[in-house]
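Input: a single structure, listed below in C-alpha cells.
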Amino acid sequence: MKEFDVIIVGSGIAALQLAVHLPTHLNVIILTKSDMKDSNSSLAQGGIAAAVDSNDHPGFHYADTIEAGRKINYKPVVRSITKEAGNMVQELTKFNCKFDVDINNKLQLGKEGAHSHARIVHGGGDRTGEVIVDCLIKRLKSNVSIVENEQVRELLVNKEGRCFGVKSFGGKEKIHTFVASHVVLASGGAGQLYRFTSNSQQATGEGIALAYWAGAKIKDMEFVQFHPTLLYCNGQTKGLVSEAVRGEGGKLVDDDNNNTMEGIHPLGDLAPRHITAQSIYHSLKKGKRVFLDVRSIARFEQRFPTVAQLCRRNGVHQKIPVAPGCHFIMGGIETDHFGRTNVPGLYAIGETACTGLHGANRLASNSLLEALVCGKQLAEYIEAQPSSPKANKVSAGKAEQDKSNLFLPGITDIQYQMMENAGIVRSEESLRHLLSWIESFRLEKWVEVDFARLTKSQWTIIAMLQTSYLIAEAALTRTESRGGHYRSDFPFESEEWLDHHIIQTKETRENYESVKA
C-alpha cells in the first residue's frame with residue numbers, strides 16, 4: 001500500500017491542469033491506464049472557446065453556451081467558466097503554450113458551429129489539445145509521480161462512506177493499492193462505447209462506472225454528442241474532421257453539390273452539432289452520401305495539417321465523405337463547481353464529470369475550457385483544505401469468481417448495439433431492446449466479482465456494459481428530444497422536461513430521481 005495526498009486517475013488536460021496547480025508540499029500521483037499522452041485531450045483538434053476579441057464578450061459566450069445546451073445548463077457554472085476563459089488563455093500564454101497568431105502577433109480566432117463570434121483559440125492549426133498537453137507536462141513538478149499502464153479497478157470507500165484510495169492493476173499483472181485524502185477521477189469520456197467515434201481507444205467510460213459502483217450520483221447520461229463530420233470510407237469512420245473546417249468556409253454538400261444544410265437551420269453549415277449530425281444521419285439512411293467540400297479554403301493543408309494528413313492517408317481530396325460519430329458525453333459524475341461528488345473524498349473533473357456547463361449539447365471548444373478552469377479550481381480547493389488522516393485499513397476484497405465462467409460480449413458487440421439502439425436516433429423500442437441485451441449478461445452478478453482476478457479485457461467490458469446501461473436507462477426515461485438526445489417517438493422538446501435532470505445512483509436504480517434545477 002502506497003500513501004499520497006492526491007490520487008489523480010487519468011492524464012488528459014483536466015488531470016494535468018490539476019497536477020500543475022497543486023502546491024508542491026502535496027504528494028501527488030497520476031495513474032493512467034495507457035501512455036501519458038494517449039487521451040482525447042491529445043486528439044482535440046478545435047481549441048479553447050474564449051471571448052478575447054474586442055468585439056466579443058463573456059456574456060455572448062454565455063448566451064451561446066445556453067442556447068447550444070438547449071437551456072438546461074446550470075447557469076452559475078456557465079457564467080463562471082465563460083468569465084474565466086480569457087484568464088485561462090492568458091495563463092497558458094505565460095506558460096509558453098504555442099497558440100497560433102497572425103503577422104501582428106495577435107491570436108488567430110476561429111469560428112465554429114453555434115458560436116456568434118470568432119472566439120476559438122487554437123494551436124498547431126488543428127493540434128490544440130496536443131499543444132496544451134505538451135505545455136502542461138513540461139510544467140509538472142517533482143512532487144508529481146506518474147504511473148503509466150495502470151488500470152484503476154476499484155474505488156476504496158470506508159464504512160463512513162468516504163473514498164480513501166483505489167485498487168489498480170498494473171504491470172506484470174500485479175494488484176496495487178494507493179490511498180490518499182483526495183481521489184480525483186479525470187478519466188475522460190465514453191466514445192468507445194459506439195461503433196463510430198472520434199475518441200481515443202482509452203475512452204471507454206470506466207470512470208463513470210467506478211464512481212457509480214462507489215455510490216456517486218450520475219447525471220444527464222442521455223445527452224451524448226455526435227460530431228457531424230468524421231471521415232467516412234468503406235463503411236467505417238477513419239478520424240475527426242474538425243468543426244473549424246466549416247468555420248473557415250467548408251460546405252456540406254451531396255453528390256450533386258447541393259448544400260445539404262440549406263433550409264435546415266438559419267446558421268446553415270454552422271448549425272449546432274446535434275442538428276447537423278441528425279441531418280447527415282438522415283441523408284445517409286436514405287442512401288445519400290454527404291461530403292465536406294473544402295475547395296474554397298485557402299491554404300487548407302497549412303491551416304488543418306492533421307485533417308489534411310488524414311485525407312491523404314485515405315486517398316481523399318477536396319470533397320471529404322463524412323458521417324456522424326460519438327464525440328462527447330455531456331452527462332457523467334455529478335459534481336459541484338469545485339469538482340466534489342456526493343461521496344466525501346471523491347472528485348471528478350473533465351469529461352467524466354457533469355458540472356452542468358454543457359446542458360443537453362456541448363458548445364464547440366467548451367470542453368478544453370472546462371478542463372482548464374475546473375482543474376485549476378479543484379487545485380485551489382484542495383490546497384485550502386486542512387490535512388486529513390489517510391485510511392490505514394483497506395476494505396476486504398470481493399467474492400472470488402472463476403473468470404473462465406464469465407459470459408460477456410465482445411467490445412465490438414457493445415459498440416454495435418449502442419450505435420444502433422442508443423445512437424443518434426433512439427426510441428422506446430430500441431432502448432428496451434438494448435437494456436434487455438445488457439441485462440442478459442447478468443451485470444449485477446459480475447460487479448460482485450473480485451475485479452483483480454479478471455483480465456484487462458473482461459474488466460473493461462464489464463465497465464463498458466455498466467456505463468452503456470446508464471446511458472440507455474436515462475435515454476428511456478427522458479420522453480422528449482433535446483440537444484444530443486433525440487427520440488423518434490418523442491421528436492420535440494417538452495416544456496415538462498425543461499430544467500429537469502435524471503440522477504442515477506445504485507440506490508435509485510429502479511426509481512429515477514428527476515431533479516428540477
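Please note that chains go A, B, ... in the order of the C-alpha cells, that every chain numbers its residues from 1, and that ligands are numbered from 1 in the order shown.
Of the residues in range 152-225 of chain A, those that DSSP places in strand (DSSP E or B) on the basis of the backbone are Val152, Arg153, Glu154, Leu155, Leu156, Val157, Cys163, Phe164, Gly165, Val166, Lys167, Ser168, Phe169, Ile175, His176, Thr177, Phe178, Val179, Ala180, Ser181, His182, Val183, Val184, Leu185, Thr197, Ile218, Lys219, Val224 and Gln225 of chain A.
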Kindly assemble as a Markdown table a list of the range 50-141 of chain A residues that lie within 9 Å of range 246-269 of chain A, each paired with its nearest atom pair and their distance in Å to one decimal, using only C-alpha atoms, sorted first by chain and then by ascending residue number.
| residue | atom | partner | partner_atom | distance |
| --- | --- | --- | --- | --- |
| A:Gly110 | CA | A:Gly247 | CA | 6.7 |
| A:Lys111 | CA | A:Gly247 | CA | 4.9 |
| A:Glu112 | CA | A:Gly247 | CA | 4.9 |
| A:Gly113 | CA | A:Gly247 | CA | 7.0 |
| A:Ala114 | CA | A:Leu267 | CA | 7.5 |
| A:Ala118 | CA | A:Gly247 | CA | 8.8 |
Residues just named, written with C-alpha atoms as a PDB file, in the first residue's frame:
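Final output, saved to result-v4.pdb:
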ATOM      1  CA  GLY A 110     -11.581  30.643 -35.434  1.00  0.00           C
ATOM      2  CA  LYS A 111     -15.358  30.311 -35.594  1.00  0.00           C
ATOM      3  CA  GLU A 112     -17.244  27.084 -35.013  1.00  0.00           C
ATOM      4  CA  GLY A 113     -20.838  25.906 -35.019  1.00  0.00           C
ATOM      5  CA  ALA A 114     -23.350  27.771 -32.804  1.00  0.00           C
ATOM      6  CA  ALA A 118     -14.965  34.104 -33.811  1.00  0.00           C
TER       7      ALA A 118
END
Check your understanding: A:Asn143, A:Arg362, A:Leu369, A:Val101: which is nearest Gly86 in chain A, counting only C-alpha atoms?
Key ->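 Result for the nearest residue to Gly86 in chain A: A:Leu369.
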Review point. Mind pulling up the distance from CA of Thr508 in chain A to CA of Glu222 in chain A?
Key: 16.4 Å
**Study point:** Test item: residues at most 12 Å from Phe60 in chain A, only C-alpha atoms, excluding those fewer than 3 positions along its chain, as a list in words
**Key:**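 In the requested form, the answer reads Ala49, Ala50, Ala51, Val52, Asp53, Asn55, Asp56, His57, Ala63, Asp64, Thr65, Ile66, Glu67, Val78, Arg79, Thr82, Lys83, Ala114, His115, Ser116, His117, Ala118 and Arg119 of chain A.
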